[in-house]
Amino acid sequence: MPKFIQEFFRLLGIVLAWPLQLLFFKRRTFYENPTTRSRHIPGGALVVSNHFHVFDYMLSVFLFYGRKLHIVMIDRMYKKSKYFHVCMDVFGGICANRDDMGMRFVDESVRVIEEGGLVQIFPEGHISPDGEMQPFKNAYLMIALRSDAPIIPVILDGNYGFFRRAGVIIGEPIYLSQMNKSLSPTKEELMEMNRAVERKCRQLREELRRRTARN
């Protein structure tokens with residue numbers, strides 16, 4: 001499908017779903033730095049989020065509705081149905097095949113970011129089975145390192161549904177170059193960077209809990 005047709009259907013889908021998402025998500029958005037209070041991310045970036053619910057990506061689409069938000073998804077989601085496959089292509093899906101040792105999704109994600117786009121990835125790799133954040137896998141680090149793009153932590157509480165209010169907190173950008181100056185980080189250095197990013201996301205998760213409890 002030509003890109004301009006994909007873009008037409010993407011915008012149409014957002015317009016048609018806009019009233020419904022106002023009722024279903026009824027989002028409360030917080031910021032790690034209250035003085036920033038901006039959802040506008042200039043240039044390319046990697047959005048890293050926890051994964052509590054199948055609607056996490058949908059909420060994120062409307063959180064950054066002014067930009068196309070690509071998403072890295074495991075291949076079995078694409079295989080659910082041809083209709084779902086087409087929808088994800090329209091909205092910017094990037095297929096991650098777990099059997100592909102070359103990790104082509106990293107190449108595609110880097111290309112999107114280098115062209116100024118946004119890519120969202122869920123480093124846990126699956127929906128949390130117990131509502132708590134799971135350990136991060138480190139493939140997302142390859143995307144951030146190769147693209148030299150900031151990581152934007154966006155932490156969600158998964159509280160979706162009518163008569164509910166979903167909470168989101170947007171963290172300050174994380175620059176891996178400030179953590180490690182090596183152009184070819186070792187396995188141990190990658191593990192340490194992954195721990196640092198995961199630790200930051202867990203802190204934001206706790207901060208989101210505190211803020212939603214006060215509001």
# chains A, B, ... in the order shown; residues from 1 in each chain; ligands from 1
$ select_by_dssp --residues "chain A" --states "helix (DSSP H, G or I)" --output "PyMOL selection string"
chain A and resi 3-24+56-63+75-78+82-91+104-114+139-147+176-178+187-214
$ closest_atom_pairs --of "range 114-201 of chain A" --to "range 28-51 of chain A" --cutoff "6 Å" --atoms "only C-alpha atoms" --output "tab-separated table"
residue	atom	partner	partner_atom	distance
A:Gly116	CA	A:Gly44	CA	4.0
A:Gly117	CA	A:Gly44	CA	4.7
A:Leu118	CA	A:Ala45	CA	5.2
A:Val119	CA	A:Leu46	CA	5.1
A:Gln120	CA	A:Val47	CA	4.4
A:Ile121	CA	A:Val48	CA	5.3
A:Phe122	CA	A:Ser49	CA	5.2
A:Ile127	CA	A:His51	CA	5.0
A:Ala149	CA	A:Ala45	CA	5.2
A:Pro150	CA	A:Ala45	CA	5.3
A:Ile151	CA	A:Leu46	CA	4.9
A:Ile152	CA	A:Val47	CA	4.7
A:Pro153	CA	A:Val48	CA	4.9
A:Val154	CA	A:Ser49	CA	5.1
A:Ile155	CA	A:Ser49	CA	5.4
A:Gly167	CA	A:Arg28	CA	4.9
A:Val168	CA	A:Thr29	CA	4.9
A:Ile169	CA	A:Phe30	CA	4.5
A:Ile170	CA	A:Tyr31	CA	4.9
A:Gly171	CA	A:Glu32	CA	4.9
$ atom_distance --atom1 "CA of Gly158 in chain A" --atom2 "CA of Ile143 in chain A"
25.4 Å
$ atom_distance --atom1 "CA of Val72 in chain A" --atom2 "CA of Asn97 in chain A"
10.1 Å
$ closest_residue --among "A:Ala166, A:Leu12, A:Ile113, A:Ile174" --to "Phe55 in chain A" --atoms "only C-alpha atoms"
A:Ala166
$ atom_distance --atom1 "CA of Asn215 in chain A" --atom2 "CA of Lys26 in chain A"
13.6 Å
$ residues_around --residues "range 2-4 of chain A" --least-positions-apart "2" --cutoff "12 Å" --atoms "only C-alpha atoms" --output "JSON, numbers by chain"
{"A": [6, 7, 8, 9, 10, 11, 89, 90, 91, 92]}
